[in-house]
Each structure stands twice: as structure tokens, then as C-alpha cells.
file data18.pdb (PDB, C-alpha atoms)
ATOM      1  CA  MET A 161       0.000   0.000   0.000
ATOM      2  CA  SER A 162       1.402   3.388  -0.970
ATOM      3  CA  LEU A 163       2.112   6.150   1.527
ATOM      4  CA  PHE A 164      -0.779   8.193   0.114
ATOM      5  CA  SER A 165      -3.162   5.217   0.506
ATOM      6  CA  ARG A 166      -2.074   4.654   4.102
ATOM      7  CA  LEU A 167      -2.503   8.360   4.929
ATOM      8  CA  TRP A 168      -5.924   8.493   3.251
ATOM      9  CA  THR A 169      -7.067   5.321   5.041
ATOM     10  CA  GLY A 170      -5.837   6.716   8.362
ATOM     11  CA  LEU A 171      -7.627  10.016   7.785
ATOM     12  CA  LEU A 172     -10.891   8.257   6.970
ATOM     13  CA  ALA A 173     -10.610   6.098  10.093
ATOM     14  CA  TRP A 174      -9.868   9.172  12.215
ATOM     15  CA  LEU A 175     -12.883  11.029  10.822
ATOM     16  CA  ARG A 176     -15.120   8.011  11.486
ATOM     17  CA  GLY A 177     -13.821   7.883  15.040
ATOM     18  CA  LEU A 178     -14.957  11.436  15.786
ATOM     19  CA  SER A 179     -18.557  10.325  16.035
ATOM     20  CA  GLY A 180     -17.715   7.193  18.025
ATOM     21  CA  PRO A 181     -18.074   3.654  16.794
ATOM     22  CA  ARG A 182     -21.332   2.930  15.006
ATOM     23  CA  PRO A 183     -22.239  -0.722  15.234
ATOM     24  CA  LEU A 184     -22.531  -2.795  12.082
ATOM     25  CA  GLN A 185     -25.966  -4.191  11.408
ATOM     26  CA  VAL A 186     -26.536  -7.737  10.184
ATOM     27  CA  ARG A 187     -28.513  -8.609   7.043
ATOM     28  CA  PHE A 188     -29.459 -12.146   6.059
ATOM     29  CA  VAL A 189     -29.881 -13.106   2.402
ATOM     30  CA  GLU A 190     -31.162 -16.384   1.016
ATOM     31  CA  GLY A 191     -28.741 -18.402  -1.141
ATOM     32  CA  ASP A 192     -25.313 -19.987  -0.928
ATOM     33  CA  GLU A 193     -23.478 -16.888  -2.197
ATOM     34  CA  LEU A 194     -23.187 -13.308  -1.063
ATOM     35  CA  PRO A 195     -24.553 -10.540  -3.274
ATOM     36  CA  LEU A 196     -21.982  -8.734  -5.409
ATOM     37  CA  ASP A 197     -22.757  -5.369  -3.828
ATOM     38  CA  LEU A 198     -22.303  -5.430  -0.064
ATOM     39  CA  ALA A 199     -23.879  -2.618   1.925
ATOM     40  CA  PRO A 200     -21.518  -0.392   3.923
ATOM     41  CA  ARG A 201     -21.661  -0.703   7.734
ATOM     42  CA  CYS A 202     -23.388  -4.063   7.386
ATOM     43  CA  LEU A 203     -22.418  -7.707   7.824
ATOM     44  CA  THR A 204     -24.280  -9.635   5.121
ATOM     45  CA  VAL A 205     -24.879 -13.320   5.864
ATOM     46  CA  ALA A 206     -25.756 -15.855   3.157
ATOM     47  CA  GLN A 207     -28.006 -18.692   4.316
ATOM     48  CA  GLU A 208     -29.846 -21.460   2.542
ATOM     49  CA  ASP A 209     -32.596 -23.485   4.208
ATOM     50  CA  GLY A 210     -31.499 -22.136   7.598
ATOM     51  CA  ILE A 211     -27.855 -23.146   7.090
ATOM     52  CA  LEU A 212     -25.391 -20.262   7.364
ATOM     53  CA  TRP A 213     -22.839 -20.329   4.521
ATOM     54  CA  SER A 214     -20.761 -17.176   4.635
ATOM     55  CA  ALA A 215     -20.595 -13.620   5.899
ATOM     56  CA  GLY A 216     -19.236 -10.635   4.055
ATOM     57  CA  MET A 217     -18.541  -6.985   4.615
ATOM     58  CA  ILE A 218     -16.624  -4.052   3.223
ATOM     59  CA  CYS A 219     -13.263  -3.810   5.012
ATOM     60  CA  PRO A 220     -13.667  -1.428   7.971
ATOM     61  CA  CYS A 221     -10.243   0.172   7.377
ATOM     62  CA  GLY A 222     -11.698   2.180   4.514
ATOM     63  CA  CYS A 223      -9.785   0.482   1.674
ATOM     64  CA  GLY A 224     -13.071  -0.677   0.097
ATOM     65  CA  ARG A 225     -12.019  -4.319  -0.145
ATOM     66  CA  ARG A 226     -14.711  -6.985   0.035
ATOM     67  CA  LEU A 227     -14.117  -9.437   2.894
ATOM     68  CA  GLU A 228     -15.763 -12.863   3.099
ATOM     69  CA  VAL A 229     -15.517 -15.492   5.833
ATOM     70  CA  MET A 230     -16.951 -18.994   5.748
ATOM     71  CA  LEU A 231     -19.514 -20.059   8.365
ATOM     72  CA  LEU A 232     -20.287 -23.538   7.062
ATOM     73  CA  GLU A 233     -19.344 -26.331   9.452
ATOM     74  CA  GLY A 234     -16.609 -28.622   8.214
ATOM     75  CA  VAL A 235     -14.714 -26.029   6.164
ATOM     76  CA  LYS A 236     -11.396 -24.501   7.173
ATOM     77  CA  PRO A 237     -10.867 -21.775   8.013
ATOM     78  CA  ARG A 238     -14.292 -21.282   9.580
ATOM     79  CA  TRP A 239     -15.796 -18.486  11.654
ATOM     80  CA  SER A 240     -18.665 -18.601  14.136
ATOM     81  CA  LEU A 241     -21.360 -15.951  14.019
ATOM     82  CA  SER A 242     -23.542 -14.857  16.909
ATOM     83  CA  VAL A 243     -26.192 -12.149  16.836
ATOM     84  CA  ASP A 244     -27.335 -10.526  20.081
ATOM     85  CA  GLN A 245     -30.870  -9.442  21.024
ATOM     86  CA  ARG A 246     -30.299  -6.036  19.414
ATOM     87  CA  GLY A 247     -29.352  -7.645  16.094
ATOM     88  CA  LEU A 248     -25.646  -6.852  16.460
ATOM     89  CA  PRO A 249     -23.225  -9.444  15.038
ATOM     90  CA  SER A 250     -20.045 -10.943  16.506
ATOM     91  CA  LEU A 251     -17.520 -13.132  14.671
ATOM     92  CA  HIS A 252     -15.037 -15.565  16.162
ATOM     93  CA  PRO A 253     -12.076 -15.794  15.589
ATOM     94  CA  SER A 254     -10.683 -12.433  14.476
ATOM     95  CA  VAL A 255     -10.594 -11.391  10.835
ATOM     96  CA  TRP A 256      -7.071 -10.958   9.503
ATOM     97  CA  VAL A 257      -6.366  -9.699   5.981
ATOM     98  CA  LYS A 258      -2.900 -11.007   5.232
ATOM     99  CA  ASP A 259      -2.276  -8.936   2.102
ATOM    100  CA  GLY A 260      -3.219  -5.480   0.856
ATOM    101  CA  CYS A 261      -4.406  -3.322   3.770
ATOM    102  CA  ARG A 262      -3.390  -6.011   6.322
ATOM    103  CA  SER A 263      -6.355  -5.242   8.587
ATOM    104  CA  HIS A 264      -6.722  -7.379  11.695
ATOM    105  CA  PHE A 265      -9.770  -6.965  13.904
ATOM    106  CA  TRP A 266     -12.436  -8.580  16.059
ATOM    107  CA  LEU A 267     -16.114  -7.934  15.379
ATOM    108  CA  ARG A 268     -17.932  -7.915  18.710
ATOM    109  CA  ASP A 269     -21.508  -6.705  19.199
ATOM    110  CA  GLY A 270     -21.324  -4.952  15.835
ATOM    111  CA  VAL A 271     -18.210  -2.949  16.766
ATOM    112  CA  VAL A 272     -14.796  -3.382  15.143
ATOM    113  CA  HIS A 273     -11.988  -3.783  17.694
ATOM    114  CA  TRP A 274      -8.600  -3.400  16.012
ATOM    115  CA  CYS A 275      -5.713  -5.721  16.846
ATOM    116  CA  GLY A 276      -2.379  -3.957  17.153
ATOM    117  CA  PRO A 277      -2.009  -0.252  16.407
ATOM    118  CA  GLU A 278      -5.265   1.705  16.265
ATOM    119  CA  ARG A 279      -6.477   2.604  12.787
TER
END
call {"tool": "encode", "arguments": {"input": "data18.pdb", "output": "C-alpha cells"}}
result
Amino acid sequence: MSLFSRLWTGLLAWLRGLSGPRPLQVRFVEGDELPLDLAPRCLTVAQEDGILWSAGMICPCGCGRRLEVMLLEGVKPRWSLSVDQRGLPSLHPSVWVKDGCRSHFWLRDGVVHWCGPER
């Protein structure tokens, strides 16, 4: 990532932080694939016949990358999804983007908690 990209991403994260963290909402869609256009500030979950397949979101660092994690039992790696009474999602384990923006975060009760240096 270029210096300009890192500065821009940092500025966007700082501006978002001025209003405090806004929790991500969860949206369920029917089918075994996520829609091509993921809504911002939303965790979209693909399910078919009540079976959760995958969850996707736009990277919270501001880079615009589409992130997808598998929820289907028996696949590796696999994440667990829980949704609280308010409809706020949590994922376990953390989400770690190993290339590009290199984001690493936990999603707990709809709020992104960064691992390592704050973004």
C-alpha cells in the first residue's frame, strides 16, 4: 500500500472515530453466495434453508475491499457468528487480511476492535 493510501485510510478512520463507533448491522440473504454489492456498515450473511454459509462486509479500514468469511461447518478456516438481542453481530475468531491493507480486527456486538495499532 502506498504512503498516500495509508494516509488516506488513516484520515478516513480518524474522521469516522470522531462520532464514536457505530455498530454494524446484520442482514441475512437467502442463497449460498453473497450478493456482489455489499452494503456499507453491514455484515451480510448468506443462508440457505437455515444453514449459514458465509458472511461478508466491506473492510472497515476504509480500503473498500470486500471481505468474506466462511460459516459452514466442516470447512477450514471457519468463523462462528452470533447475533445478540439487538441484532448486532459478533464473529469468532478475528478477521485478519494477510495482504493489501493487512487489517486485523475482532467484530464484537457490531463494533470493530482493532488488533495492534489503532487505525
call {"tool": "resolve_selection", "arguments": {"input": "data18.pdb", "expression": "the PyMOL selection byres ((chain A and resi 238) around 12)", "output": "number ranges by chain"}}
result
A: 212-215, 228-237, 239-241, 251-255
call {"tool": "closest_residue", "arguments": {"input": "data18.pdb", "among": "A:Gly210, A:Ser242, A:Cys219, A:Trp168", "to": "Val186 in chain A", "atoms": "only C-alpha atoms"}}
result
A:Ser242
call {"tool": "atom_distance", "arguments": {"input": "data18.pdb", "atom1": "CA of Phe164 in chain A", "atom2": "CA of Cys202 in chain A"}}
result
26.7 Å
call {"tool": "residues_around", "arguments": {"input": "data18.pdb", "residues": "Asp259 in chain A", "least_positions_apart": "4", "cutoff": "12 Å", "atoms": "all atoms listed in the file", "output": "ChimeraX atom specification"}}
result
/A:161,225,227,263-264
call {"tool": "write_last_selection", "arguments": {"input": "data18.pdb", "atoms": "C-alpha atoms", "output": "tab-separated table (two decimals), keeping the file's coordinate frame"}}
result
chain	number	residue	atom	x	y	z
A	161	MET	CA	0.00	0.00	0.00
A	225	ARG	CA	-12.02	-4.32	-0.14
A	227	LEU	CA	-14.12	-9.44	2.89
A	263	SER	CA	-6.36	-5.24	8.59
A	264	HIS	CA	-6.72	-7.38	11.70
call {"tool": "resolve_selection", "arguments": {"input": "data18.pdb", "expression": "the PyMOL selection byres ((chain A and resi 208) around 10)", "output": "PDB file with C-alpha atoms, in the frame of the given file"}}
result
ATOM      1  CA  PHE A 188     -29.459 -12.146   6.059  1.00  0.00           C
ATOM      2  CA  VAL A 189     -29.881 -13.106   2.402  1.00  0.00           C
ATOM      3  CA  GLU A 190     -31.162 -16.384   1.016  1.00  0.00           C
ATOM      4  CA  GLY A 191     -28.741 -18.402  -1.141  1.00  0.00           C
ATOM      5  CA  ASP A 192     -25.313 -19.987  -0.928  1.00  0.00           C
ATOM      6  CA  GLU A 193     -23.478 -16.888  -2.197  1.00  0.00           C
ATOM      7  CA  ALA A 206     -25.756 -15.855   3.157  1.00  0.00           C
ATOM      8  CA  GLN A 207     -28.006 -18.692   4.316  1.00  0.00           C
ATOM      9  CA  ASP A 209     -32.596 -23.485   4.208  1.00  0.00           C
ATOM     10  CA  GLY A 210     -31.499 -22.136   7.598  1.00  0.00           C
ATOM     11  CA  ILE A 211     -27.855 -23.146   7.090  1.00  0.00           C
ATOM     12  CA  LEU A 212     -25.391 -20.262   7.364  1.00  0.00           C
ATOM     13  CA  TRP A 213     -22.839 -20.329   4.521  1.00  0.00           C
TER      14      TRP A 213
END
call {"tool": "atom_distance", "arguments": {"input": "data18.pdb", "atom1": "CA of Leu163 in chain A", "atom2": "CA of Leu267 in chain A"}}
result
26.9 Å
call {"tool": "atom_distance", "arguments": {"input": "data18.pdb", "atom1": "CA of Cys223 in chain A", "atom2": "CA of Cys261 in chain A"}}
result
6.9 Å
call {"tool": "resolve_selection", "arguments": {"input": "data18.pdb", "expression": "the PyMOL selection byres ((chain A and resi 249) around 6)", "output": "list in words"}}
result
Ser242, Val243, Leu248, Ser250, Asp269 and Gly270 of chain A
call {"tool": "axis_aligned_box", "arguments": {"input": "data18.pdb", "around": "range 190-201 of chain A", "padding_each_side": "8 Å", "output": "JSON"}}
result
{"center_x": -26.3, "center_y": -10.2, "center_z": 1.2, "size_x": 25.6, "size_y": 35.6, "size_z": 29.1}
call {"tool": "build_atoms", "arguments": {"input": "data18.pdb", "residues": "range 239-269 of chain A", "atoms": "N, CA and C atoms", "output": "PDB file, in the frame of the given file"}}
result
ATOM      1  N   TRP A 239     -15.461 -19.440  10.603  1.00  0.00           N
ATOM      2  CA  TRP A 239     -15.796 -18.486  11.654  1.00  0.00           C
ATOM      3  C   TRP A 239     -17.155 -18.839  12.233  1.00  0.00           C
ATOM      4  N   SER A 240     -17.368 -18.454  13.477  1.00  0.00           N
ATOM      5  CA  SER A 240     -18.665 -18.601  14.136  1.00  0.00           C
ATOM      6  C   SER A 240     -19.315 -17.234  14.212  1.00  0.00           C
ATOM      7  N   LEU A 241     -20.599 -17.188  13.970  1.00  0.00           N
ATOM      8  CA  LEU A 241     -21.360 -15.951  14.019  1.00  0.00           C
ATOM      9  C   LEU A 241     -22.372 -16.038  15.148  1.00  0.00           C
ATOM     10  N   SER A 242     -22.447 -14.987  15.943  1.00  0.00           N
ATOM     11  CA  SER A 242     -23.542 -14.857  16.909  1.00  0.00           C
ATOM     12  C   SER A 242     -24.169 -13.488  16.715  1.00  0.00           C
ATOM     13  N   VAL A 243     -25.453 -13.401  16.966  1.00  0.00           N
ATOM     14  CA  VAL A 243     -26.192 -12.149  16.836  1.00  0.00           C
ATOM     15  C   VAL A 243     -26.933 -11.936  18.144  1.00  0.00           C
ATOM     16  N   ASP A 244     -26.704 -10.776  18.786  1.00  0.00           N
ATOM     17  CA  ASP A 244     -27.335 -10.526  20.081  1.00  0.00           C
ATOM     18  C   ASP A 244     -28.793 -10.076  19.912  1.00  0.00           C
ATOM     19  N   GLN A 245     -29.450  -9.800  21.027  1.00  0.00           N
ATOM     20  CA  GLN A 245     -30.870  -9.442  21.024  1.00  0.00           C
ATOM     21  C   GLN A 245     -31.149  -8.161  20.237  1.00  0.00           C
ATOM     22  N   ARG A 246     -30.138  -7.300  20.139  1.00  0.00           N
ATOM     23  CA  ARG A 246     -30.299  -6.036  19.414  1.00  0.00           C
ATOM     24  C   ARG A 246     -30.013  -6.191  17.927  1.00  0.00           C
ATOM     25  N   GLY A 247     -29.656  -7.403  17.501  1.00  0.00           N
ATOM     26  CA  GLY A 247     -29.352  -7.645  16.094  1.00  0.00           C
ATOM     27  C   GLY A 247     -27.927  -7.290  15.718  1.00  0.00           C
ATOM     28  N   LEU A 248     -27.033  -7.217  16.717  1.00  0.00           N
ATOM     29  CA  LEU A 248     -25.646  -6.852  16.460  1.00  0.00           C
ATOM     30  C   LEU A 248     -24.785  -8.112  16.361  1.00  0.00           C
ATOM     31  N   PRO A 249     -23.988  -8.225  15.287  1.00  0.00           N
ATOM     32  CA  PRO A 249     -23.225  -9.444  15.038  1.00  0.00           C
ATOM     33  C   PRO A 249     -21.855  -9.469  15.717  1.00  0.00           C
ATOM     34  N   SER A 250     -21.407 -10.682  16.038  1.00  0.00           N
ATOM     35  CA  SER A 250     -20.045 -10.943  16.506  1.00  0.00           C
ATOM     36  C   SER A 250     -19.496 -12.113  15.704  1.00  0.00           C
ATOM     37  N   LEU A 251     -18.198 -12.044  15.367  1.00  0.00           N
ATOM     38  CA  LEU A 251     -17.520 -13.132  14.671  1.00  0.00           C
ATOM     39  C   LEU A 251     -16.389 -13.654  15.534  1.00  0.00           C
ATOM     40  N   HIS A 252     -16.157 -14.953  15.456  1.00  0.00           N
ATOM     41  CA  HIS A 252     -15.037 -15.565  16.162  1.00  0.00           C
ATOM     42  C   HIS A 252     -14.419 -16.592  15.219  1.00  0.00           C
ATOM     43  N   PRO A 253     -13.127 -16.622  15.012  1.00  0.00           N
ATOM     44  CA  PRO A 253     -12.076 -15.794  15.589  1.00  0.00           C
ATOM     45  C   PRO A 253     -11.999 -14.432  14.892  1.00  0.00           C
ATOM     46  N   SER A 254     -10.894 -13.737  15.091  1.00  0.00           N
ATOM     47  CA  SER A 254     -10.683 -12.433  14.476  1.00  0.00           C
ATOM     48  C   SER A 254     -10.576 -12.569  12.959  1.00  0.00           C
ATOM     49  N   VAL A 255     -10.753 -11.455  12.288  1.00  0.00           N
ATOM     50  CA  VAL A 255     -10.594 -11.391  10.835  1.00  0.00           C
ATOM     51  C   VAL A 255      -9.235 -10.747  10.567  1.00  0.00           C
ATOM     52  N   TRP A 256      -8.424 -11.436   9.773  1.00  0.00           N
ATOM     53  CA  TRP A 256      -7.071 -10.958   9.503  1.00  0.00           C
ATOM     54  C   TRP A 256      -6.827 -10.994   8.005  1.00  0.00           C
ATOM     55  N   VAL A 257      -6.654  -9.824   7.406  1.00  0.00           N
ATOM     56  CA  VAL A 257      -6.366  -9.699   5.981  1.00  0.00           C
ATOM     57  C   VAL A 257      -4.851  -9.746   5.845  1.00  0.00           C
ATOM     58  N   LYS A 258      -4.347 -10.802   5.235  1.00  0.00           N
ATOM     59  CA  LYS A 258      -2.900 -11.007   5.232  1.00  0.00           C
ATOM     60  C   LYS A 258      -2.176 -10.327   4.083  1.00  0.00           C
ATOM     61  N   ASP A 259      -2.916  -9.699   3.174  1.00  0.00           N
ATOM     62  CA  ASP A 259      -2.276  -8.936   2.102  1.00  0.00           C
ATOM     63  C   ASP A 259      -3.049  -7.636   1.901  1.00  0.00           C
ATOM     64  N   GLY A 260      -2.531  -6.757   1.085  1.00  0.00           N
ATOM     65  CA  GLY A 260      -3.219  -5.480   0.856  1.00  0.00           C
ATOM     66  C   GLY A 260      -3.175  -4.603   2.105  1.00  0.00           C
ATOM     67  N   CYS A 261      -4.332  -4.252   2.631  1.00  0.00           N
ATOM     68  CA  CYS A 261      -4.406  -3.322   3.770  1.00  0.00           C
ATOM     69  C   CYS A 261      -3.919  -3.943   5.079  1.00  0.00           C
ATOM     70  N   ARG A 262      -3.887  -5.270   5.149  1.00  0.00           N
ATOM     71  CA  ARG A 262      -3.390  -6.011   6.322  1.00  0.00           C
ATOM     72  C   ARG A 262      -4.196  -5.729   7.592  1.00  0.00           C
ATOM     73  N   SER A 263      -5.482  -5.467   7.433  1.00  0.00           N
ATOM     74  CA  SER A 263      -6.355  -5.242   8.587  1.00  0.00           C
ATOM     75  C   SER A 263      -6.431  -6.494   9.456  1.00  0.00           C
ATOM     76  N   HIS A 264      -6.550  -6.287  10.748  1.00  0.00           N
ATOM     77  CA  HIS A 264      -6.722  -7.379  11.695  1.00  0.00           C
ATOM     78  C   HIS A 264      -7.625  -6.856  12.803  1.00  0.00           C
ATOM     79  N   PHE A 265      -8.784  -7.482  12.955  1.00  0.00           N
ATOM     80  CA  PHE A 265      -9.770  -6.965  13.904  1.00  0.00           C
ATOM     81  C   PHE A 265     -10.705  -8.058  14.394  1.00  0.00           C
ATOM     82  N   TRP A 266     -11.345  -7.772  15.522  1.00  0.00           N
ATOM     83  CA  TRP A 266     -12.436  -8.580  16.059  1.00  0.00           C
ATOM     84  C   TRP A 266     -13.727  -7.820  15.765  1.00  0.00           C
ATOM     85  N   LEU A 267     -14.792  -8.533  15.485  1.00  0.00           N
ATOM     86  CA  LEU A 267     -16.114  -7.934  15.379  1.00  0.00           C
ATOM     87  C   LEU A 267     -16.914  -8.448  16.565  1.00  0.00           C
ATOM     88  N   ARG A 268     -17.201  -7.545  17.493  1.00  0.00           N
ATOM     89  CA  ARG A 268     -17.932  -7.915  18.710  1.00  0.00           C
ATOM     90  C   ARG A 268     -19.095  -6.956  18.910  1.00  0.00           C
ATOM     91  N   ASP A 269     -20.291  -7.508  19.010  1.00  0.00           N
ATOM     92  CA  ASP A 269     -21.508  -6.705  19.199  1.00  0.00           C
ATOM     93  C   ASP A 269     -21.595  -5.589  18.167  1.00  0.00           C
TER      94      ASP A 269
END
